[in-house]
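Everything below belongs to protein-v2.txt, which stores compact mmCIF, C-alpha atoms and all ligand atoms.
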# COMPACT_ATOMS: atom_id res chain seq x y z
CA MET A 1 -208.42 99.90 12.85
CA THR A 2 -206.98 99.21 9.40
CA THR A 3 -209.49 98.96 6.56
CA SER A 4 -209.07 95.70 4.69
CA ARG A 5 -208.66 95.50 0.90
CA TYR A 6 -212.30 94.53 0.32
CA GLY A 7 -213.60 96.55 3.23
CA ALA A 8 -212.58 99.83 1.58
CA ASP A 9 -215.64 101.25 -0.16
CA ARG A 10 -215.52 103.51 -3.21
CA ASP A 11 -215.41 106.73 -1.12
CA THR A 12 -212.51 105.43 0.95
CA VAL A 13 -210.57 104.50 -2.19
CA ALA A 14 -211.40 107.90 -3.75
CA GLN A 15 -210.17 109.77 -0.67
CA PHE A 16 -206.97 107.71 -0.54
CA LEU A 17 -206.23 108.42 -4.21
CA ALA A 18 -207.13 112.12 -3.92
CA GLU A 19 -204.70 112.53 -0.99
CA ARG A 20 -201.98 111.22 -3.30
CA GLY A 21 -202.93 113.64 -6.06
CA GLU A 22 -204.09 110.85 -8.40
CA PRO A 23 -206.53 111.73 -11.20
CA ARG A 24 -210.20 110.85 -10.60
CA TYR A 25 -210.29 108.14 -13.27
CA ARG A 26 -208.01 106.04 -11.10
CA VAL A 27 -210.95 105.37 -8.76
CA ASP A 28 -212.79 103.48 -11.52
CA GLN A 29 -209.62 101.66 -12.51
CA VAL A 30 -209.11 100.40 -8.97
CA VAL A 31 -212.74 99.54 -8.17
CA ASP A 32 -213.51 97.96 -11.58
CA GLY A 33 -210.24 96.05 -11.50
CA LEU A 34 -210.79 94.60 -8.03
CA TYR A 35 -214.49 93.77 -8.39
CA ALA A 36 -215.89 93.71 -11.97
CA GLN A 37 -212.66 92.23 -13.36
CA ARG A 38 -211.99 90.33 -10.10
CA GLN A 39 -208.24 90.77 -10.41
CA PRO A 40 -205.67 90.84 -7.61
CA ILE A 41 -204.15 94.29 -7.17
CA ASP A 42 -200.80 93.10 -8.58
CA ASN A 43 -202.48 92.36 -11.94
CA LEU A 44 -203.92 95.86 -12.39
CA THR A 45 -201.18 96.94 -14.74
CA THR A 46 -203.14 100.03 -15.84
CA LEU A 47 -201.94 101.41 -12.48
CA PRO A 48 -198.30 102.39 -11.94
CA LEU A 49 -196.40 99.83 -9.86
CA ALA A 50 -195.78 102.31 -7.02
CA LEU A 51 -199.49 103.04 -6.75
CA ARG A 52 -200.36 99.32 -6.69
CA GLU A 53 -197.84 98.87 -3.89
CA SER A 54 -199.17 101.78 -1.87
CA ILE A 55 -202.78 100.53 -2.21
CA ALA A 56 -201.67 97.04 -1.16
CA GLY A 57 -199.87 98.51 1.86
CA ALA A 58 -202.73 100.79 2.94
CA PHE A 59 -205.48 98.18 2.49
CA PRO A 60 -204.08 94.77 3.46
CA LEU A 61 -205.81 91.49 2.71
CA ALA A 62 -207.89 90.20 5.63
CA LEU A 63 -207.07 86.51 5.11
CA GLU A 64 -203.68 84.89 5.31
CA PRO A 65 -203.45 81.35 3.87
CA ILE A 66 -202.45 78.65 6.37
CA ARG A 67 -203.07 75.69 4.07
CA GLU A 68 -204.21 74.98 0.55
CA GLN A 69 -205.26 71.54 -0.63
CA ARG A 70 -206.24 70.35 -4.10
CA ASP A 71 -207.91 67.12 -5.06
CA ARG A 72 -206.29 64.74 -7.50
CA ARG A 73 -208.08 66.14 -10.56
CA ASP A 74 -207.63 69.75 -9.48
CA THR A 75 -211.37 70.41 -9.59
CA THR A 76 -211.67 71.12 -5.86
CA VAL A 77 -209.40 73.47 -3.95
CA LYS A 78 -209.75 74.14 -0.26
CA TRP A 79 -208.13 76.89 1.79
CA LEU A 80 -207.71 77.31 5.50
CA TRP A 81 -207.23 81.02 6.28
CA ARG A 82 -206.18 82.96 9.34
CA THR A 83 -207.91 86.30 9.97
CA ALA A 84 -206.08 89.32 11.39
CA ASP A 85 -207.27 88.42 14.91
CA GLY A 86 -206.22 84.78 14.59
CA ALA A 87 -209.56 83.10 13.79
CA GLN A 88 -209.47 80.26 11.26
CA VAL A 89 -211.95 79.86 8.42
CA GLU A 90 -212.27 77.66 5.37
CA THR A 91 -213.25 78.24 1.75
CA VAL A 92 -213.74 75.70 -1.05
CA LEU A 93 -213.65 76.24 -4.82
CA MET A 94 -215.44 73.54 -6.85
CA ARG A 95 -215.10 73.55 -10.60
CA SER A 96 -217.03 71.61 -13.24
CA PRO A 97 -217.25 72.22 -16.99
CA LYS A 98 -220.51 74.12 -16.44
CA ARG A 99 -219.76 76.26 -13.39
CA ALA A 100 -217.28 77.37 -10.78
CA THR A 101 -218.76 77.52 -7.29
CA VAL A 102 -217.22 78.98 -4.15
CA CYS A 103 -218.40 77.67 -0.79
CA VAL A 104 -217.84 80.41 1.80
CA SER A 105 -217.76 80.46 5.59
CA SER A 106 -219.99 83.01 7.28
CA GLN A 107 -218.64 82.56 10.81
CA ALA A 108 -215.40 81.33 12.39
CA GLY A 109 -216.73 78.21 14.07
CA CYS A 110 -220.43 77.72 14.69
CA ALA A 111 -222.70 77.77 17.73
CA MET A 112 -225.33 75.38 16.29
CA GLY A 113 -223.55 72.26 17.51
CA CYS A 114 -224.77 69.80 14.85
CA THR A 115 -223.38 66.54 16.17
CA PHE A 116 -222.05 65.15 12.85
CA CYS A 117 -220.22 68.34 11.82
CA ALA A 118 -216.55 69.09 12.54
CA THR A 119 -217.28 72.84 12.83
CA GLY A 120 -220.16 72.24 15.24
CA GLN A 121 -217.95 69.96 17.33
CA ALA A 122 -215.35 72.76 17.68
CA GLY A 123 -217.71 75.56 18.83
CA PHE A 124 -218.15 79.24 17.94
CA GLU A 125 -215.42 81.87 17.61
CA ARG A 126 -216.98 84.94 15.96
CA HIS A 127 -219.08 86.27 13.08
CA LEU A 128 -217.28 87.09 9.86
CA ARG A 129 -217.61 90.58 8.35
CA ALA A 130 -218.97 91.14 4.84
CA ASP A 131 -215.49 92.05 3.53
CA GLU A 132 -214.09 88.76 4.87
CA ILE A 133 -216.82 86.86 3.01
CA ILE A 134 -216.22 88.83 -0.22
CA GLU A 135 -212.49 88.21 0.09
CA GLN A 136 -213.05 84.44 0.23
CA VAL A 137 -214.86 84.62 -3.13
CA LEU A 138 -212.23 86.85 -4.72
CA ARG A 139 -209.24 84.87 -3.44
CA ALA A 140 -210.84 81.70 -4.87
CA GLN A 141 -211.50 83.57 -8.12
CA HIS A 142 -207.84 84.60 -8.32
CA ALA A 143 -206.91 80.89 -8.21
CA SER A 144 -209.48 79.85 -10.83
CA SER A 145 -209.14 80.08 -14.60
CA GLN A 146 -212.94 79.81 -14.78
CA ARG A 147 -215.11 82.77 -13.80
CA VAL A 148 -216.85 82.08 -10.51
CA SER A 149 -220.57 81.83 -11.28
CA ASN A 150 -222.06 80.55 -8.00
CA VAL A 151 -221.54 81.22 -4.32
CA VAL A 152 -222.98 78.94 -1.65
CA TYR A 153 -223.01 79.90 2.03
CA MET A 154 -222.40 76.33 3.16
CA GLY A 155 -218.98 76.58 4.76
CA MET A 156 -218.30 77.15 8.43
CA GLY A 157 -221.07 78.84 10.40
CA GLU A 158 -224.81 79.39 10.22
CA PRO A 159 -225.37 82.26 7.75
CA LEU A 160 -228.77 83.22 9.18
CA ALA A 161 -227.19 83.72 12.61
CA ASN A 162 -225.06 86.48 11.02
CA VAL A 163 -227.65 88.14 8.80
CA ASP A 164 -226.30 91.70 8.59
CA ALA A 165 -222.88 90.71 7.26
CA VAL A 166 -224.27 87.88 5.12
CA PHE A 167 -226.95 90.04 3.49
CA ALA A 168 -224.44 92.88 2.92
CA SER A 169 -222.10 90.39 1.23
CA CYS A 170 -224.96 89.10 -0.99
CA HIS A 171 -225.64 92.65 -2.13
CA ARG A 172 -221.99 93.25 -2.91
CA LEU A 173 -221.57 89.94 -4.77
CA HIS A 174 -224.59 90.88 -6.86
CA ASP A 175 -223.84 94.58 -7.42
CA GLU A 176 -220.05 94.67 -7.54
CA LEU A 177 -219.02 91.23 -8.80
CA GLY A 178 -222.06 90.81 -11.04
CA LEU A 179 -223.25 87.47 -9.67
CA SER A 180 -226.88 86.58 -10.32
CA ALA A 181 -229.01 86.47 -7.14
CA ARG A 182 -230.32 83.02 -8.06
CA HIS A 183 -226.72 81.80 -8.13
CA LEU A 184 -226.28 82.79 -4.47
CA THR A 185 -227.44 80.06 -2.10
CA ILE A 186 -227.97 80.61 1.61
CA SER A 187 -228.01 77.39 3.57
CA THR A 188 -229.55 77.20 7.04
CA VAL A 189 -230.23 74.55 9.66
CA GLY A 190 -233.55 76.27 10.26
CA VAL A 191 -233.09 79.62 12.00
CA VAL A 192 -236.72 80.61 11.46
CA PRO A 193 -236.44 84.37 12.25
CA GLY A 194 -233.47 84.55 9.84
CA MET A 195 -235.50 82.76 7.15
CA ARG A 196 -238.24 85.37 7.57
CA ARG A 197 -235.70 88.18 7.26
CA LEU A 198 -234.27 86.53 4.15
CA ALA A 199 -237.75 86.62 2.65
CA GLU A 200 -237.67 90.42 3.08
CA LEU A 201 -234.29 90.77 1.32
CA ASP A 202 -234.66 92.49 -2.04
CA LEU A 203 -232.63 89.76 -3.76
CA PRO A 204 -234.24 86.43 -4.75
CA VAL A 205 -231.38 84.27 -3.53
CA THR A 206 -231.77 80.50 -3.33
CA LEU A 207 -232.68 79.06 0.06
CA ALA A 208 -231.35 75.65 1.09
CA VAL A 209 -232.57 74.09 4.33
CA SER A 210 -230.53 71.37 6.03
CA LEU A 211 -233.10 68.88 7.25
CA HIS A 212 -231.22 65.58 7.80
CA ALA A 213 -234.20 63.79 9.39
CA PRO A 214 -237.94 63.46 8.77
CA ASP A 215 -239.00 63.54 12.46
CA ASP A 216 -238.28 65.86 15.38
CA ALA A 217 -236.87 63.21 17.72
CA LEU A 218 -234.10 62.15 15.34
CA ARG A 219 -233.49 65.65 14.00
CA ALA A 220 -232.99 67.01 17.50
CA GLN A 221 -230.22 64.44 18.04
CA LEU A 222 -228.43 65.59 14.87
CA VAL A 223 -229.36 69.30 14.90
CA PRO A 224 -229.87 70.62 18.46
CA LEU A 225 -231.52 73.79 17.09
CA ASN A 226 -234.51 71.59 16.31
CA ASP A 227 -235.56 71.91 19.97
CA ARG A 228 -236.07 75.63 19.36
CA TYR A 229 -237.43 75.48 15.80
CA PRO A 230 -239.05 72.09 15.11
CA ILE A 231 -239.46 70.74 11.59
CA ALA A 232 -243.04 71.98 11.10
CA GLU A 233 -242.04 75.60 11.84
CA VAL A 234 -238.97 75.40 9.63
CA LEU A 235 -241.02 73.99 6.75
CA ASP A 236 -243.70 76.66 7.16
CA ALA A 237 -241.05 79.39 6.90
CA ALA A 238 -239.56 77.63 3.85
CA ARG A 239 -243.01 77.41 2.19
CA GLU A 240 -243.53 81.13 2.77
CA TYR A 241 -240.13 81.84 1.22
CA ALA A 242 -240.93 79.76 -1.87
CA GLN A 243 -244.30 81.48 -2.21
CA LEU A 244 -243.00 85.01 -1.75
CA LYS A 245 -239.90 84.74 -3.93
CA GLY A 246 -241.22 82.30 -6.52
CA ARG A 247 -238.09 80.21 -5.94
CA ARG A 248 -237.83 76.49 -5.43
CA VAL A 249 -236.39 75.65 -2.00
CA THR A 250 -233.82 72.86 -1.78
CA PHE A 251 -233.32 70.57 1.20
CA GLU A 252 -229.99 69.12 2.22
CA TYR A 253 -230.01 65.66 3.74
CA ALA A 254 -226.74 64.14 5.04
CA CYS A 255 -227.29 60.40 4.65
CA ILE A 256 -226.05 58.40 7.61
CA SER A 257 -226.16 54.64 7.21
CA GLU A 258 -228.89 52.94 9.28
CA VAL A 259 -229.67 56.23 11.05
CA ASN A 260 -231.72 58.35 8.65
CA ASP A 261 -231.65 56.39 5.38
CA HIS A 262 -234.38 53.75 5.90
CA PRO A 263 -237.11 53.50 3.23
CA ALA A 264 -239.77 54.42 5.80
CA GLN A 265 -237.83 57.62 6.55
CA ALA A 266 -237.83 58.50 2.84
CA ASP A 267 -241.61 58.06 2.82
CA ALA A 268 -241.97 60.20 5.96
CA LEU A 269 -239.74 62.90 4.44
CA ALA A 270 -241.76 62.96 1.21
CA GLY A 271 -244.92 63.25 3.30
CA ARG A 272 -243.60 66.41 4.95
CA LEU A 273 -242.33 68.13 1.80
CA THR A 274 -245.73 68.91 0.36
CA GLY A 275 -247.26 72.25 -0.57
CA PHE A 276 -244.10 73.89 -1.91
CA ARG A 277 -244.44 76.30 -4.78
CA GLY A 278 -242.23 74.91 -7.55
CA GLY A 279 -241.97 71.59 -5.67
CA ALA A 280 -239.29 70.61 -3.19
CA HIS A 281 -235.89 69.30 -4.17
CA VAL A 282 -233.79 67.12 -1.88
CA ASN A 283 -230.02 66.84 -2.20
CA LEU A 284 -228.85 63.55 -0.69
CA ILE A 285 -225.27 63.88 0.48
CA PRO A 286 -223.39 60.89 1.90
CA LEU A 287 -222.15 61.89 5.36
CA ASN A 288 -218.61 63.23 5.43
CA PRO A 289 -216.98 61.31 8.29
CA THR A 290 -215.63 63.33 11.24
CA GLY A 291 -213.65 62.21 14.25
CA GLY A 292 -216.29 63.25 16.78
CA PHE A 293 -219.27 61.35 15.31
CA ALA A 294 -219.65 57.59 15.07
CA GLY A 295 -222.02 57.46 12.06
CA ARG A 296 -220.88 56.46 8.60
CA ALA A 297 -221.99 57.44 5.11
CA SER A 298 -224.81 55.57 3.39
CA ASP A 299 -223.59 53.36 0.57
CA ARG A 300 -224.63 53.88 -3.03
CA GLU A 301 -227.35 51.24 -2.94
CA ARG A 302 -229.09 52.78 0.08
CA LEU A 303 -228.79 56.27 -1.40
CA GLU A 304 -230.33 55.16 -4.69
CA HIS A 305 -233.14 53.38 -2.91
CA PHE A 306 -233.85 56.43 -0.73
CA ALA A 307 -233.83 58.74 -3.77
CA ALA A 308 -236.17 56.40 -5.68
CA ARG A 309 -238.68 56.39 -2.78
CA LEU A 310 -238.70 60.19 -2.70
CA GLN A 311 -239.12 60.41 -6.46
CA SER A 312 -241.95 57.90 -6.55
CA ALA A 313 -243.73 60.13 -4.00
CA GLY A 314 -243.28 63.15 -6.29
CA VAL A 315 -240.28 64.77 -4.55
CA GLN A 316 -237.25 65.48 -6.72
CA ALA A 317 -234.03 64.04 -5.34
CA THR A 318 -230.41 64.22 -6.43
CA ILE A 319 -227.54 62.21 -5.03
CA ARG A 320 -224.60 64.56 -4.62
CA ARG A 321 -221.06 63.43 -4.93
CA ASN A 322 -219.09 63.99 -1.77
CA ARG A 323 -216.53 66.21 -3.41
CA GLY A 324 -213.05 66.27 -2.11
CA THR A 325 -213.32 63.66 0.66
CA ASP A 326 -209.61 63.14 -0.01
CA ILE A 327 -208.97 66.76 1.01
CA ASP A 328 -211.28 66.98 4.04
CA ALA A 329 -213.70 69.13 2.05
CA ALA A 330 -216.59 69.06 4.53
CA CYS A 331 -216.65 72.25 6.52
CA GLY A 332 -214.46 72.45 9.59
CA GLN A 333 -212.37 69.40 8.81
CA LEU A 334 -209.25 71.19 7.66
CA ARG A 335 -209.36 73.49 10.67
CA ALA A 336 -209.97 70.54 13.00
CA ARG A 337 -206.97 68.74 11.51
CA GLU A 338 -204.79 71.86 11.81
CA GLN A 339 -205.79 72.32 15.45
CA THR A 340 -205.31 68.66 16.30
CA GLY A 341 -201.88 68.88 14.67
CA ARG A 342 -201.02 71.94 16.76
CA ALA A 343 -202.25 70.29 19.95
CA GLN A 344 -200.20 67.20 19.18
CA ALA A 345 -197.15 69.36 18.44
CA ARG A 346 -197.63 71.16 21.78
CA GLU A 347 -198.01 67.80 23.51
CA SER A 348 -194.82 66.42 21.93
CA ALA A 349 -192.97 69.65 22.78
CA ARG A 350 -194.04 69.19 26.41
CA MET A 351 -192.75 65.65 26.36
CA VAL A 352 -189.28 66.71 25.22
CA PRO A 353 -187.11 66.57 28.38
S1 LIG A 401 -223.71 71.80 10.02
FE1 LIG A 401 -223.64 74.02 9.65
S2 LIG A 401 -225.01 74.86 11.24
FE2 LIG A 401 -224.51 72.76 11.89
S3 LIG A 401 -222.73 73.02 13.25
FE3 LIG A 401 -221.94 72.61 11.16
S4 LIG A 401 -221.55 74.65 10.32
FE4 LIG A 401 -222.93 74.89 12.08
Could you show the structure in this file as structure tokens?
Ligand code: SF4
Amino acid sequence: MTTSRYGADRDTVAQFLAERGEPRYRVDQVVDGLYAQRQPIDNLTTLPLALRESIAGAFPLALEPIREQRDRRDTTVKWLWRTADGAQVETVLMRSPKRATVCVSSQAGCAMGCTFCATGQAGFERHLRADEIIEQVLRAQHASSQRVSNVVYMGMGEPLANVDAVFASCHRLHDELGLSARHLTISTVGVVPGMRRLAELDLPVTLAVSLHAPDDALRAQLVPLNDRYPIAEVLDAAREYAQLKGRRVTFEYACISEVNDHPAQADALAGRLTGFRGGAHVNLIPLNPTGGFAGRASDRERLEHFAARLQSAGVQATIRRNRGTDIDAACGQLRAREQTGRAQARESARMVP
């Protein structure tokens, strides 16, 4: 099997260069250029052109772009990639004056089946490897004038269902790209054994738990995994994480009008988020509409009311902008659109006499 560009470790690069009779200092030039400087191979002009070309040929990129979309202000860019074996994954770059954040996919598809999510509606394809996750960050970096400062594992897939590759990628982002551990955020729908393994990781990454409902009955309708790991167990594991790592845990809450955004639900949520070291922080995110789910996003008034109820009960709450709705920025939407388009094209082709 071919080793991908970001799957080639230092020893593999050293062996490749030695076989070509290159001096030893070239190893540092290649590795520092690709990771510490985060440059594409074509930009490493300290290397002779022929050598750049032979490295590019021997270690191909793992992701081929299918689509790229930018929002109107060019602060959000989204890519749909095809892997060597034909899986499709998405990556989003979000820029603000203060930071550049890359949202990566950890799996092609997802087995968790959250009913409001385009990725969940489409099912699971496979786990991504660490090099495929690293490549998403670096390809986004290559397109960004700002240095990427944050990586959030909130794209396609459940990161804690793919712990080996996800943890390996966290280590590499920290050690090779120089990202701070606290600027790496792992988001989970509550895979409790994965949360416990994350607590053992020797990097204090930020944990974000997608809650979406204050009670088990409603949460199970939105997040089927709740039947296996109910809210109380998920919150216990999150409390242990906060205690052990000394890090504040954040909670994601997709606000669906008239479903989970009633004032009484805010009170119930606040009642559950007690006993967290450093307090609990809730991010309220208006639902990103998908074709397979009938709910609609809460309006601004309901969001503000919900946030105020949480805050008056001592729980910090932030209303997040739904970035890039005009470019299908919620995970799985670009892929769903691409696949619907292909299905329609196949259908029309069949109809041609
Ligand atoms: S919300 Fe996350 S965990 Fe749930 S189906 Fe979508 S990608 Fe998977």
Considering only C-alpha atoms, return as a PDB file with C-alpha atoms, in the frame of the given file whatever protein or nucleic-acid residues lie within 9 Å of Ala232 (chain A), sequence-local ones (same chain, fewer than 5 positions apart) excluded.
ATOM      1  CA  ASP A 216    -238.280  65.860  15.380  1.00  0.00           C
ATOM      2  CA  ALA A 237    -241.050  79.390   6.900  1.00  0.00           C
ATOM      3  CA  ARG A 272    -243.600  66.410   4.950  1.00  0.00           C
TER       4      ARG A 272
END
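Atom pair CA of Ile186 (chain A) / CA of Tyr153 (chain A): separated by 5.0 Å.
Remark: for Ala213 (chain A), the closest of the candidate residues A:Gly120, A:Pro230, A:Gly21, A:Gly314 is A:Pro230 (distances computed over all atoms listed in the file).
Residue nearest Gln121 (chain A), chosen from A:His174, A:Thr290, A:Ile41, A:His262 and counting all atoms listed in the file: A:Thr290.
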Item to check | Cut-off 9 Å, only C-alpha atoms and all ligand atoms, neighbours of ligand LIG 401 (chain A) as JSON, numbers by chain | outcome: {"A": [105, 107, 109, 110, 111, 112, 113, 114, 115, 116, 117, 118, 119, 120, 121, 122, 123, 124, 154, 155, 156, 157, 158, 159, 187, 188, 189, 190, 210, 222, 223, 224, 225, 331, 332]}
